[in-house]
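Reproduced below: my_file-v1.cif, with mmCIF, C-alpha atoms.
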```cif
data_final
loop_
_atom_site.label_atom_id
_atom_site.label_comp_id
_atom_site.auth_asym_id
_atom_site.auth_seq_id
_atom_site.Cartn_x
_atom_site.Cartn_y
_atom_site.Cartn_z
CA SER W 2 -54.54 12.82 -58.89
CA ALA W 3 -51.38 13.04 -60.96
CA VAL W 4 -50.44 10.84 -63.89
CA ILE W 5 -46.73 10.19 -64.13
CA SER W 6 -44.97 8.70 -67.13
CA GLN W 7 -41.48 7.31 -66.87
CA LYS W 8 -39.16 6.33 -69.69
CA PRO W 9 -37.66 3.87 -70.26
CA SER W 10 -39.65 1.24 -68.39
CA ARG W 11 -36.64 -1.05 -68.33
CA ASP W 12 -33.12 -1.23 -69.70
CA ILE W 13 -30.06 -3.44 -69.63
CA CYS W 14 -26.83 -1.43 -69.65
CA GLN W 15 -23.13 -2.13 -69.73
CA ARG W 16 -21.06 -1.20 -66.71
CA GLY W 17 -19.30 2.13 -67.04
CA THR W 18 -22.06 3.69 -69.14
CA SER W 19 -24.78 6.15 -68.12
CA LEU W 20 -28.55 6.03 -68.39
CA THR W 21 -30.96 8.96 -68.26
CA ILE W 22 -34.46 8.32 -66.96
CA GLN W 23 -37.26 10.71 -67.82
CA CYS W 24 -40.27 11.59 -65.69
CA GLN W 25 -43.22 13.50 -67.13
CA VAL W 26 -46.18 14.66 -65.03
CA ASP W 27 -49.55 15.65 -66.48
CA SER W 28 -49.78 18.78 -64.33
CA GLN W 29 -47.45 21.38 -62.89
CA VAL W 30 -45.97 20.32 -59.57
CA THR W 31 -43.65 22.13 -57.23
CA MET W 32 -41.82 19.09 -55.92
CA MET W 33 -40.61 15.92 -57.59
CA PHE W 34 -38.75 13.12 -55.89
CA TRP W 35 -36.56 10.31 -57.12
CA TYR W 36 -36.45 6.99 -55.24
CA ARG W 37 -34.40 3.84 -55.67
CA GLN W 38 -35.46 0.30 -54.86
CA GLN W 39 -32.63 -2.18 -54.83
CA PRO W 40 -33.48 -5.88 -55.32
CA GLY W 41 -35.37 -7.23 -52.33
CA GLN W 42 -35.23 -3.89 -50.54
CA SER W 43 -37.65 -1.09 -49.89
CA LEU W 44 -37.58 2.36 -51.41
CA THR W 45 -34.93 4.90 -50.51
CA LEU W 46 -35.13 8.58 -51.38
CA ILE W 47 -32.31 9.72 -53.66
CA ALA W 48 -33.09 13.42 -54.04
CA THR W 49 -35.63 16.17 -54.42
CA ALA W 50 -35.70 17.72 -57.88
CA ASN W 51 -36.10 21.48 -57.54
CA GLN W 52 -37.24 23.63 -60.42
CA GLY W 53 -34.77 26.40 -61.15
CA SER W 54 -32.13 25.24 -58.70
CA GLU W 55 -29.92 22.28 -57.95
CA ALA W 56 -31.42 19.08 -56.64
CA THR W 57 -31.23 18.34 -52.94
CA TYR W 58 -29.59 14.97 -52.27
CA GLU W 59 -30.13 12.63 -49.36
CA SER W 60 -27.26 11.23 -47.34
CA GLY W 61 -25.33 8.66 -49.35
CA PHE W 62 -26.24 10.07 -52.76
CA VAL W 63 -24.13 12.57 -54.70
CA ILE W 64 -24.68 14.75 -57.72
CA ASP W 65 -21.76 13.31 -59.69
CA LYS W 66 -23.33 9.86 -59.56
CA PHE W 67 -26.99 10.88 -59.90
CA PRO W 68 -27.25 14.20 -61.73
CA ILE W 69 -30.80 15.51 -61.89
CA SER W 70 -32.38 18.09 -64.16
CA ARG W 71 -35.67 19.92 -63.61
CA PRO W 72 -36.15 22.29 -66.53
CA ASN W 73 -39.84 23.01 -65.81
CA LEU W 74 -42.69 22.15 -63.45
CA THR W 75 -43.79 19.01 -65.34
CA PHE W 76 -40.53 17.26 -66.22
CA SER W 77 -37.39 15.88 -64.60
CA THR W 78 -34.57 13.54 -65.51
CA LEU W 79 -32.33 11.36 -63.37
CA THR W 80 -29.05 10.11 -64.79
CA VAL W 81 -27.29 7.11 -63.32
CA SER W 82 -23.63 7.68 -64.18
CA ASN W 83 -20.70 5.33 -64.59
CA MET W 84 -22.92 2.39 -63.75
CA SER W 85 -21.88 -0.73 -61.88
CA PRO W 86 -23.90 -3.89 -61.15
CA GLU W 87 -24.72 -2.41 -57.73
CA ASP W 88 -26.84 0.23 -59.50
CA SER W 89 -29.24 -2.46 -60.69
CA SER W 90 -32.51 -1.29 -59.16
CA ILE W 91 -35.94 0.07 -59.89
CA TYR W 92 -35.87 3.87 -60.06
CA LEU W 93 -39.12 5.71 -59.43
CA CYS W 94 -40.19 9.32 -59.59
CA SER W 95 -42.90 10.64 -57.33
CA VAL W 96 -44.95 13.76 -56.79
CA PRO W 97 -47.13 14.75 -53.84
CA GLY W 98 -50.78 15.73 -54.13
CA GLN W 99 -51.42 19.37 -54.83
CA GLY W 100 -54.13 20.25 -52.34
CA VAL W 101 -53.87 21.29 -48.72
CA TRP W 102 -55.79 18.16 -47.77
CA ASN W 103 -54.55 16.06 -50.64
CA THR W 104 -51.08 14.95 -49.65
CA GLU W 105 -51.23 11.56 -51.29
CA ALA W 106 -48.02 10.63 -53.09
CA PHE W 107 -48.16 9.41 -56.67
CA PHE W 108 -45.54 7.29 -58.37
CA GLY W 109 -44.51 6.55 -61.91
CA GLN W 110 -44.41 2.94 -63.04
CA GLY W 111 -40.68 2.81 -62.46
CA THR W 112 -37.59 2.11 -64.54
CA ARG W 113 -36.10 -1.32 -64.03
CA LEU W 114 -32.36 -1.05 -64.60
CA THR W 115 -30.04 -4.03 -64.93
CA VAL W 116 -26.30 -3.37 -65.20
CA VAL W 117 -24.18 -6.16 -66.64
CA LYS E 25 -34.36 9.73 -38.64
CA GLN E 26 -37.69 7.96 -39.12
CA GLU E 27 -37.46 4.17 -39.02
CA VAL E 28 -40.38 2.17 -40.39
CA THR E 29 -40.82 -1.53 -39.68
CA GLN E 30 -43.33 -3.92 -41.20
CA ILE E 31 -44.29 -7.23 -39.68
CA PRO E 32 -44.58 -9.91 -40.89
CA ALA E 33 -42.16 -9.86 -43.82
CA ALA E 34 -44.23 -12.50 -45.59
CA LEU E 35 -47.69 -13.95 -45.18
CA SER E 36 -49.46 -16.85 -46.88
CA VAL E 37 -53.18 -17.41 -46.36
CA PRO E 38 -55.97 -19.38 -48.00
CA GLU E 39 -58.48 -17.46 -50.05
CA GLY E 40 -61.24 -15.89 -47.97
CA GLU E 41 -59.19 -15.25 -44.86
CA ASN E 42 -58.76 -11.75 -43.54
CA LEU E 43 -55.29 -10.20 -43.75
CA VAL E 44 -53.68 -8.10 -41.02
CA LEU E 45 -50.52 -6.21 -41.92
CA ASN E 46 -48.62 -4.21 -39.33
CA CYS E 47 -46.47 -1.11 -39.62
CA SER E 48 -44.60 0.66 -36.84
CA PHE E 49 -42.60 3.88 -36.88
CA THR E 50 -40.22 5.49 -34.43
CA ASP E 51 -41.06 9.20 -34.70
CA SER E 52 -44.70 10.04 -33.94
CA ALA E 53 -44.38 13.52 -35.51
CA ILE E 54 -45.71 12.36 -38.85
CA TYR E 55 -47.59 14.28 -41.53
CA ASN E 56 -49.43 11.31 -42.95
CA LEU E 57 -49.16 7.57 -43.56
CA GLN E 58 -49.79 5.86 -46.84
CA TRP E 59 -50.23 2.22 -47.78
CA PHE E 60 -49.10 1.06 -51.21
CA ARG E 61 -49.33 -2.11 -53.21
CA GLN E 62 -46.46 -3.25 -55.43
CA ASP E 63 -46.65 -6.10 -57.90
CA PRO E 64 -43.36 -7.81 -58.87
CA GLY E 65 -41.10 -5.53 -60.92
CA LYS E 66 -43.73 -2.80 -61.03
CA GLY E 67 -44.32 0.64 -59.59
CA LEU E 68 -46.44 1.56 -56.60
CA THR E 69 -50.22 1.77 -56.43
CA SER E 70 -51.61 3.90 -53.64
CA LEU E 71 -54.20 2.09 -51.52
CA LEU E 72 -55.02 4.36 -48.60
CA LEU E 73 -53.80 7.65 -47.19
CA ILE E 74 -54.32 8.54 -43.54
CA GLN E 75 -53.68 12.13 -42.51
CA SER E 76 -51.98 12.60 -39.14
CA SER E 77 -55.25 13.89 -37.61
CA GLN E 78 -57.23 10.81 -38.69
CA ARG E 79 -57.61 7.46 -36.95
CA GLU E 80 -58.61 5.32 -39.91
CA GLN E 81 -59.50 5.18 -43.57
CA THR E 82 -61.58 2.67 -45.50
CA SER E 83 -61.83 1.76 -49.14
CA GLY E 84 -63.85 -1.28 -50.14
CA ARG E 85 -62.34 -4.34 -48.47
CA LEU E 86 -59.42 -2.31 -47.13
CA ASN E 87 -59.27 -0.57 -43.80
CA ALA E 88 -56.23 1.15 -42.34
CA SER E 89 -55.91 2.43 -38.79
CA LEU E 90 -53.41 4.87 -37.33
CA ASP E 91 -52.29 5.28 -33.72
CA LYS E 92 -49.73 8.06 -33.77
CA SER E 93 -49.00 8.00 -30.07
CA SER E 94 -47.91 4.37 -30.18
CA GLY E 95 -46.34 4.67 -33.63
CA ARG E 96 -48.47 2.03 -35.29
CA SER E 97 -50.66 1.49 -38.32
CA THR E 98 -52.53 -1.63 -39.37
CA LEU E 99 -53.89 -2.52 -42.78
CA TYR E 100 -56.81 -4.94 -42.81
CA ILE E 101 -57.87 -6.67 -46.00
CA ALA E 102 -61.16 -8.51 -45.68
CA ALA E 103 -62.02 -11.73 -47.48
CA SER E 104 -58.72 -12.05 -49.31
CA GLN E 105 -58.57 -13.09 -52.95
CA PRO E 106 -55.69 -14.48 -55.06
CA GLY E 107 -55.57 -11.08 -56.80
CA ASP E 108 -54.52 -9.55 -53.48
CA SER E 109 -51.18 -11.33 -53.76
CA ALA E 110 -48.54 -8.59 -53.85
CA THR E 111 -46.10 -6.72 -51.64
CA TYR E 112 -47.68 -4.11 -49.38
CA LEU E 113 -45.60 -1.12 -48.37
CA CYS E 114 -46.18 1.30 -45.54
CA ALA E 115 -44.78 4.82 -46.00
CA VAL E 116 -44.64 7.56 -43.40
CA GLY E 117 -44.77 11.10 -44.71
CA SER E 118 -43.08 14.16 -43.26
CA ASN E 119 -44.18 17.77 -43.70
CA ASP E 120 -41.69 18.22 -46.55
CA TYR E 121 -43.54 15.47 -48.47
CA LYS E 122 -40.67 13.00 -48.21
CA LEU E 123 -41.60 9.39 -47.51
CA SER E 124 -39.89 6.82 -45.31
CA PHE E 125 -40.76 3.30 -46.36
CA GLY E 126 -40.92 0.02 -44.56
CA ALA E 127 -39.44 -3.08 -46.16
CA GLY E 128 -42.89 -4.41 -47.02
CA THR E 129 -45.02 -7.48 -46.38
CA THR E 130 -45.23 -9.97 -49.23
CA VAL E 131 -48.68 -11.55 -49.29
CA THR E 132 -49.63 -14.77 -51.03
CA VAL E 133 -53.29 -15.72 -51.16
CA ARG E 134 -53.74 -19.38 -52.07
CA ALA E 135 -56.74 -20.34 -54.18
#
```
Take the structure in this file and express it as structure tokens.
Amino acid sequence: SAVISQKPSRDICQRGTSLTIQCQVDSQVTMMFWYRQQPGQSLTLIATANQGSEATYESGFVIDKFPISRPNLTFSTLTVSNMSPEDSSIYLCSVPGQGVWNTEAFFGQGTRLTVV
Amino acid sequence: KQEVTQIPAALSVPEGENLVLNCSFTDSAIYNLQWFRQDPGKGLTSLLLIQSSQREQTSGRLNASLDKSSGRSTLYIAASQPGDSATYLCAVGSNDYKLSFGAGTTVTVRA
């Protein structure tokens, strides 16, 4: 299994500012994913964080709004830029299992963001 | 695009009853299916993973079945307890490790 640490666990931010969320994994992983969970909704994939190249974004998400860094195989950051109240959500990073038969997904504890 | 639906959206049962949570998906070409538990304002805890070649998985009081051809999975929780109160999420995995989530079933177990 993988242990994932996310920071911060929660934050309250002013609209128009940016917040960077960190995700640290206790082992090297090829793929890392960032998900968003808006209030009362389920999880939606934002992007795949690729080591050594630009992140791959899902439809409806753009790099200018959600820039992602992946400097090595154990760490990634997601920035929520120019925030508005609609960005209030839980943001979670995730990694898949590392074995051929171990494809279980693991999640960090999430970052609860409130934009006021 | 994979669409995942969970029924019911909410469920309230007295302690001791068995729980049956349903998940359906539109594209049967799945890699795996995973059930998660989420407590309010928290992250996700993995409960069970079913590979696409498997029909069911069991862990303690939990049993999950998978019928790929009909696009369905069911999570059974035996002898429910108040500590089982949470939101249960079904997630369908593709071969690129991306997950498509259902909206969840919120369970309340009354003491």
Original post:
Contacts of E:Ile54 at 10 Å or less, counting all atoms listed in the file, minus same-chain residues fewer than 2 places along, as an NGL selection string?
Top reply: :E and (26 or 49-52 or 56-57 or 75-77 or 92 or 95 or 116-119)
Contact set, chain W to chain E: 8 Å, only C-alpha atoms, as a compact mmCIF listing (two decimals) with C-alpha atoms, in the coordinates of the input:
```txt
# COMPACT_ATOMS: atom_id res chain seq x y z
CA PHE W 34 -38.75 13.12 -55.89
CA GLN W 42 -35.23 -3.89 -50.54
CA SER W 43 -37.65 -1.09 -49.89
CA LEU W 44 -37.58 2.36 -51.41
CA THR W 45 -34.93 4.90 -50.51
CA LEU W 46 -35.13 8.58 -51.38
CA ILE W 91 -35.94 0.07 -59.89
CA LEU W 93 -39.12 5.71 -59.43
CA PRO W 97 -47.13 14.75 -53.84
CA THR W 104 -51.08 14.95 -49.65
CA GLU W 105 -51.23 11.56 -51.29
CA ALA W 106 -48.02 10.63 -53.09
CA PHE W 107 -48.16 9.41 -56.67
CA PHE W 108 -45.54 7.29 -58.37
CA GLY W 109 -44.51 6.55 -61.91
CA GLN W 110 -44.41 2.94 -63.04
CA GLY W 111 -40.68 2.81 -62.46
CA ARG W 113 -36.10 -1.32 -64.03
```
**OP:** Specify as JSON, numbers by chain each residue included when the PyMOL selection byres ((chain W and resi 5) around 9) is applied to this file.
**Re:** {"W": [3, 4, 6, 7, 24, 25, 26, 27, 94, 95, 96, 107, 108, 109, 110]}
Original post:
For the atom pair atom CA of E:Val133 and atom CA of E:Ala103, what is the interatomic distance in Å to one decimal place?
Top reply: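 We find that atom CA of E:Val133 and atom CA of E:Ala103 lie 10.3 Å from each other.
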Original post:
What lies within 10 Å of W:Gly53 using only C-alpha atoms, ignoring chain neighbours under 3 positions off, as a ChimeraX atom specification?
Top reply: /W:50,56,70-74
**OP:** Given the file shown, determine the residues that the PyMOL selection byres ((chain E and resi 129) around 8) selects; report them as a list in words.
**Re:** Gln30, Ile31, Pro32, Ala33, Ala34, Leu35, Leu45, Thr111, Tyr112, Leu113, Ala127, Gly128, Thr130 and Val131 of chain E
Original post:
Got a sec: who's within 9 Å of W:Arg16, counting all atoms listed in the file, leaving out chain neighbours fewer than 4 positions off, as a VMD selection string?
Top reply: chain W and resid 83 to 86 116 to 117
**OP:** Would you write out, as JSON, numbers by chain, every residue that the PyMOL selection byres ((chain W and resi 58) around 10) captures in this file?
**Re:** {"W": [35, 46, 47, 48, 49, 50, 55, 56, 57, 59, 60, 61, 62, 63, 64, 67, 68, 69]}
Original post:
Smallest atom-to-atom distance to W:Lys66: which of W:Ser54, W:Ser2, W:Ser28, W:Thr21, using all atoms listed in the file?
Top reply: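 The answer is W:Thr21, which sits nearest to W:Lys66.
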